[in-house]
Amino acid sequence: MGCSAVRRLGGWCLTAAAFLTAQPLNRLTAQAVTPNRATAYLFPTDVRDPRAVWVNPAGLGVLRDASIYAELSVGDPGAHGRLRQINAGFNSRGLSLGYQRDIFDGGIRGSTLRLGLAGGSQGLAAGIAVARYGGTGLNSTGWDFGVTYVAMPPLTVGAVVANIGQPVVGGQRQRVRFVPGLTWHPAPIRALALSTLAHLTNHAEASYAFGAAWRTPGPSSRWPIEIIARLDTDGGLRRSAFAFGLSIGGQNRFGAVVTTPGDASHIDAASVYGLVTRQPVAGR
């Protein structure tokens, strides 16, 4: 699949998203959305595929490739588990479109369409994403702006300003949030990535996240493996959530992620995703 195929898929996604959000007003006003699944396990300085449109749009401009992904998330997996979120999107050299569908009890549905644009050069990348929330009332459009910078080969720093415009989502105003973060690859073990971030806002207590990811080193492995782990805390560094993930594959990747509350008493959500990436043809 080349860039032209990804662009065609993007057109189909846009058409489908427009159809899904074109519902009667009385249905839309009852909708809500939840945070995108990718924000539970990815970091703003260590995401470079279409999921970056939800986490840090600057990540869309780091690589000059074309990629598509889809993810399904189930709440309370097991005998009583239910499909709760469907995600799909693409990125073509910094132009990205993502669609999120939330499924709640009582027949309530929510939808989010997010368009991202990013570019980068010499270690610096910047991007912007605009989100349109379906059925959220008076103000249903918000913006995110993000940057990343390779301060030195092992260290990437970045930040996101989220919810510019303070959209009203599910009846609640989303306050502007500042999310700084960094990712460090220790020199002795370059396959290991250590990341952290902070969620800062004037209207709530700060929260933090710490994570580690290990990728099979070198291109020689036929089936590269990545393992991720993340711990979220509140402002007092008390545990609030865990995330664990495993993916297999290189350009064609399949992965699964589970999340638990801070006491790890049960799995509250599990998701599976697929990601397909193609590098640009030389000279194009």
# chains A, B, ... in the order shown; residues from 1 in each chain; ligands from 1
>>> select_by_dssp(residues="range 122-200 of chain A", states="strand (DSSP E)", output="VMD selection string")
chain A and resid 124 to 134 141 to 152 155 to 164 168 to 169 172 to 173 177 to 184 192 to 199
>>> write_last_selection(atoms="N, CA and C atoms", output="compact mmCIF listing (two decimals), in the first residue's frame")
# COMPACT_ATOMS: atom_id res chain seq x y z
N LEU A 124 13.41 18.92 14.84
CA LEU A 124 12.28 19.69 15.37
C LEU A 124 11.04 19.37 14.56
N ALA A 125 9.94 19.04 15.24
CA ALA A 125 8.67 18.77 14.57
C ALA A 125 7.57 19.53 15.30
N ALA A 126 6.60 19.99 14.54
CA ALA A 126 5.45 20.70 15.11
C ALA A 126 4.20 20.27 14.36
N GLY A 127 3.09 20.24 15.08
CA GLY A 127 1.84 19.83 14.46
C GLY A 127 0.64 20.41 15.16
N ILE A 128 -0.47 20.41 14.44
CA ILE A 128 -1.73 20.91 14.99
C ILE A 128 -2.83 19.94 14.61
N ALA A 129 -3.80 19.78 15.48
CA ALA A 129 -4.93 18.89 15.23
C ALA A 129 -6.21 19.59 15.65
N VAL A 130 -7.24 19.48 14.83
CA VAL A 130 -8.54 20.03 15.15
C VAL A 130 -9.51 18.87 15.32
N ALA A 131 -10.29 18.91 16.39
CA ALA A 131 -11.21 17.83 16.71
C ALA A 131 -12.64 18.34 16.64
N ARG A 132 -13.49 17.55 16.01
CA ARG A 132 -14.92 17.85 15.96
C ARG A 132 -15.65 16.76 16.73
N TYR A 133 -16.31 17.17 17.82
CA TYR A 133 -17.02 16.23 18.69
C TYR A 133 -18.49 16.20 18.31
N GLY A 134 -19.02 15.01 18.10
CA GLY A 134 -20.41 14.86 17.70
C GLY A 134 -21.35 14.91 18.90
N THR A 141 -15.84 22.05 19.01
CA THR A 141 -14.60 22.00 18.25
C THR A 141 -13.45 22.45 19.14
N GLY A 142 -12.37 21.69 19.12
CA GLY A 142 -11.20 22.03 19.91
C GLY A 142 -9.93 21.81 19.11
N TRP A 143 -8.84 22.40 19.59
CA TRP A 143 -7.56 22.33 18.91
C TRP A 143 -6.48 21.83 19.86
N ASP A 144 -5.54 21.11 19.30
CA ASP A 144 -4.32 20.74 20.02
C ASP A 144 -3.12 21.21 19.20
N PHE A 145 -2.09 21.66 19.90
CA PHE A 145 -0.84 22.04 19.24
C PHE A 145 0.30 21.35 19.96
N GLY A 146 1.21 20.74 19.21
CA GLY A 146 2.29 20.00 19.84
C GLY A 146 3.61 20.19 19.13
N VAL A 147 4.69 20.01 19.89
CA VAL A 147 6.05 20.07 19.34
C VAL A 147 6.87 18.94 19.94
N THR A 148 7.88 18.50 19.21
CA THR A 148 8.91 17.61 19.74
C THR A 148 10.25 18.09 19.23
N TYR A 149 11.29 17.80 20.01
CA TYR A 149 12.64 18.23 19.60
C TYR A 149 13.65 17.23 20.12
N VAL A 150 14.52 16.77 19.22
CA VAL A 150 15.60 15.86 19.61
C VAL A 150 16.73 16.72 20.18
N ALA A 151 16.74 16.88 21.51
CA ALA A 151 17.73 17.73 22.15
C ALA A 151 19.14 17.18 22.00
N MET A 152 19.26 15.87 22.01
CA MET A 152 20.50 15.14 21.76
C MET A 152 20.09 13.74 21.33
N LEU A 155 17.88 11.79 23.65
CA LEU A 155 16.84 12.50 24.41
C LEU A 155 15.93 13.29 23.48
N THR A 156 14.63 13.03 23.59
CA THR A 156 13.60 13.79 22.88
C THR A 156 12.69 14.45 23.89
N VAL A 157 12.47 15.75 23.72
CA VAL A 157 11.57 16.49 24.60
C VAL A 157 10.42 17.02 23.76
N GLY A 158 9.31 17.30 24.42
CA GLY A 158 8.16 17.80 23.68
C GLY A 158 7.08 18.30 24.61
N ALA A 159 6.05 18.87 24.02
CA ALA A 159 4.94 19.39 24.81
C ALA A 159 3.72 19.52 23.92
N VAL A 160 2.56 19.46 24.55
CA VAL A 160 1.28 19.62 23.86
C VAL A 160 0.43 20.61 24.64
N VAL A 161 -0.19 21.51 23.93
CA VAL A 161 -1.25 22.36 24.50
C VAL A 161 -2.57 21.81 23.96
N ALA A 162 -3.36 21.22 24.84
CA ALA A 162 -4.58 20.52 24.42
C ALA A 162 -5.83 21.31 24.79
N ASN A 163 -6.89 21.06 24.06
CA ASN A 163 -8.21 21.65 24.32
C ASN A 163 -8.23 23.16 24.13
N ILE A 164 -7.47 23.65 23.17
CA ILE A 164 -7.55 25.07 22.82
C ILE A 164 -8.96 25.33 22.28
N VAL A 168 -16.95 21.79 24.63
CA VAL A 168 -17.90 21.18 25.56
C VAL A 168 -18.14 19.75 25.08
N VAL A 169 -17.75 18.78 25.88
CA VAL A 169 -17.83 17.37 25.50
C VAL A 169 -18.65 16.64 26.56
N GLN A 172 -19.60 18.69 29.55
CA GLN A 172 -18.54 19.23 30.41
C GLN A 172 -17.52 19.98 29.56
N ARG A 173 -17.14 21.18 30.01
CA ARG A 173 -16.15 21.97 29.29
C ARG A 173 -14.76 21.38 29.53
N ARG A 177 -5.14 22.30 28.65
CA ARG A 177 -4.21 21.47 29.41
C ARG A 177 -2.84 21.51 28.75
N PHE A 178 -1.81 21.62 29.57
CA PHE A 178 -0.42 21.62 29.11
C PHE A 178 0.21 20.29 29.47
N VAL A 179 0.80 19.63 28.47
CA VAL A 179 1.36 18.29 28.68
C VAL A 179 2.81 18.26 28.21
N PRO A 180 3.77 18.54 29.10
CA PRO A 180 5.18 18.37 28.73
C PRO A 180 5.61 16.93 28.94
N GLY A 181 6.63 16.51 28.20
CA GLY A 181 7.11 15.15 28.35
C GLY A 181 8.49 14.98 27.77
N LEU A 182 9.08 13.83 28.01
CA LEU A 182 10.38 13.51 27.43
C LEU A 182 10.52 12.00 27.29
N THR A 183 11.39 11.60 26.38
CA THR A 183 11.75 10.20 26.18
C THR A 183 13.27 10.10 26.10
N TRP A 184 13.84 9.16 26.84
CA TRP A 184 15.29 8.99 26.90
C TRP A 184 15.65 7.55 26.56
N LEU A 192 15.88 0.36 24.68
CA LEU A 192 15.01 0.72 25.80
C LEU A 192 14.68 2.21 25.73
N ALA A 193 13.42 2.54 25.91
CA ALA A 193 12.96 3.93 25.95
C ALA A 193 12.26 4.18 27.27
N LEU A 194 12.69 5.20 27.98
CA LEU A 194 12.08 5.62 29.24
C LEU A 194 11.39 6.96 29.02
N SER A 195 10.11 7.03 29.36
CA SER A 195 9.33 8.23 29.07
C SER A 195 8.59 8.71 30.31
N THR A 196 8.28 10.00 30.31
CA THR A 196 7.46 10.57 31.37
C THR A 196 6.68 11.75 30.81
N LEU A 197 5.57 12.09 31.46
CA LEU A 197 4.77 13.25 31.07
C LEU A 197 4.06 13.78 32.30
N ALA A 198 3.55 15.00 32.17
CA ALA A 198 2.73 15.62 33.22
C ALA A 198 1.51 16.26 32.56
N HIS A 199 0.36 16.16 33.22
CA HIS A 199 -0.86 16.85 32.80
C HIS A 199 -1.06 18.02 33.75
>>> residues_around(residues="range 56-67 of chain A", least_positions_apart="4", cutoff="6 Å", atoms="only C-alpha atoms", output="ChimeraX atom specification")
/A:3,44,47-48,52,90-94,118-120,125-128,146-147,276-280
>>> residues_around(residues="Tyr99 in chain A", least_positions_apart="6", cutoff="6 Å", atoms="only C-alpha atoms", output="ChimeraX atom specification")
/A:87-88,112-113
>>> atom_distance(atom1="CA of Gly116 in chain A", atom2="CA of Val53 in chain A")
5.8 Å
>>> residues_around(residues="Ala209 in chain A", least_positions_apart="2", cutoff="10 Å", atoms="only C-alpha atoms", output="list of chain:residue names")
A:Ala40, A:Tyr41, A:Leu42, A:Phe43, A:Gly181, A:Ser195, A:Thr196, A:Leu197, A:Ala198, A:His199, A:Ser207, A:Gly211, A:Arg230, A:Leu231, A:Asp232, A:Thr233, A:Asp234, A:Leu237, A:Arg239, A:Ser240, A:Ala241, A:Phe242
>>> write_last_selection(atoms="N, CA and C atoms", output="mmCIF file, in the first residue's frame")
data_model
loop_
_atom_site.group_PDB
_atom_site.id
_atom_site.type_symbol
_atom_site.label_atom_id
_atom_site.label_comp_id
_atom_site.auth_asym_id
_atom_site.auth_seq_id
_atom_site.Cartn_x
_atom_site.Cartn_y
_atom_site.Cartn_z
ATOM 1 N N ALA A 40 -3.928 6.308 26.794
ATOM 2 C CA ALA A 40 -3.742 5.528 28.018
ATOM 3 C C ALA A 40 -2.398 4.810 28.057
ATOM 4 N N TYR A 41 -1.719 4.699 26.889
ATOM 5 C CA TYR A 41 -0.485 3.922 26.905
ATOM 6 C C TYR A 41 0.657 4.525 26.092
ATOM 7 N N LEU A 42 0.415 5.585 25.318
ATOM 8 C CA LEU A 42 1.467 6.219 24.539
ATOM 9 C C LEU A 42 1.890 7.545 25.164
ATOM 10 N N PHE A 43 3.089 8.011 24.784
ATOM 11 C CA PHE A 43 3.641 9.264 25.303
ATOM 12 C C PHE A 43 3.820 10.261 24.165
ATOM 13 N N GLY A 181 6.628 16.513 28.202
ATOM 14 C CA GLY A 181 7.108 15.151 28.350
ATOM 15 C C GLY A 181 8.491 14.983 27.768
ATOM 16 N N SER A 195 10.110 7.034 29.356
ATOM 17 C CA SER A 195 9.328 8.235 29.070
ATOM 18 C C SER A 195 8.589 8.708 30.306
ATOM 19 N N THR A 196 8.275 9.995 30.308
ATOM 20 C CA THR A 196 7.457 10.570 31.369
ATOM 21 C C THR A 196 6.678 11.746 30.807
ATOM 22 N N LEU A 197 5.572 12.088 31.456
ATOM 23 C CA LEU A 197 4.772 13.245 31.074
ATOM 24 C C LEU A 197 4.058 13.784 32.298
ATOM 25 N N ALA A 198 3.545 15.000 32.169
ATOM 26 C CA ALA A 198 2.732 15.623 33.217
ATOM 27 C C ALA A 198 1.510 16.257 32.562
ATOM 28 N N HIS A 199 0.360 16.160 33.224
ATOM 29 C CA HIS A 199 -0.859 16.847 32.803
ATOM 30 C C HIS A 199 -1.059 18.019 33.747
ATOM 31 N N SER A 207 -1.343 15.573 37.230
ATOM 32 C CA SER A 207 -1.159 14.128 37.207
ATOM 33 C C SER A 207 0.069 13.820 36.361
ATOM 34 N N GLY A 211 6.794 5.625 32.009
ATOM 35 C CA GLY A 211 6.691 4.419 31.216
ATOM 36 C C GLY A 211 8.020 3.936 30.685
ATOM 37 N N ARG A 230 3.331 1.194 31.554
ATOM 38 C CA ARG A 230 3.110 2.591 31.954
ATOM 39 C C ARG A 230 2.400 2.643 33.298
ATOM 40 N N LEU A 231 2.818 3.582 34.119
ATOM 41 C CA LEU A 231 2.201 3.854 35.418
ATOM 42 C C LEU A 231 1.709 5.292 35.437
ATOM 43 N N ASP A 232 0.437 5.494 35.724
ATOM 44 C CA ASP A 232 -0.133 6.825 35.902
ATOM 45 C C ASP A 232 -0.335 7.097 37.382
ATOM 46 N N THR A 233 -0.090 8.340 37.791
ATOM 47 C CA THR A 233 -0.258 8.724 39.191
ATOM 48 C C THR A 233 -1.017 10.041 39.287
ATOM 49 N N ASP A 234 -1.495 10.342 40.493
ATOM 50 C CA ASP A 234 -2.088 11.649 40.731
ATOM 51 C C ASP A 234 -0.987 12.619 41.143
ATOM 52 N N LEU A 237 1.661 11.446 43.519
ATOM 53 C CA LEU A 237 2.369 10.251 43.037
ATOM 54 C C LEU A 237 1.756 8.959 43.575
ATOM 55 N N ARG A 239 -0.609 5.802 42.867
ATOM 56 C CA ARG A 239 -0.956 5.055 41.657
ATOM 57 C C ARG A 239 -2.424 5.255 41.291
ATOM 58 N N SER A 240 -2.678 5.507 40.009
ATOM 59 C CA SER A 240 -4.056 5.640 39.535
ATOM 60 C C SER A 240 -4.377 4.675 38.402
ATOM 61 N N ALA A 241 -3.367 4.219 37.651
ATOM 62 C CA ALA A 241 -3.633 3.285 36.554
ATOM 63 C C ALA A 241 -2.333 2.641 36.096
ATOM 64 N N PHE A 242 -2.450 1.431 35.547
ATOM 65 C CA PHE A 242 -1.344 0.735 34.903
ATOM 66 C C PHE A 242 -1.755 0.393 33.478
#
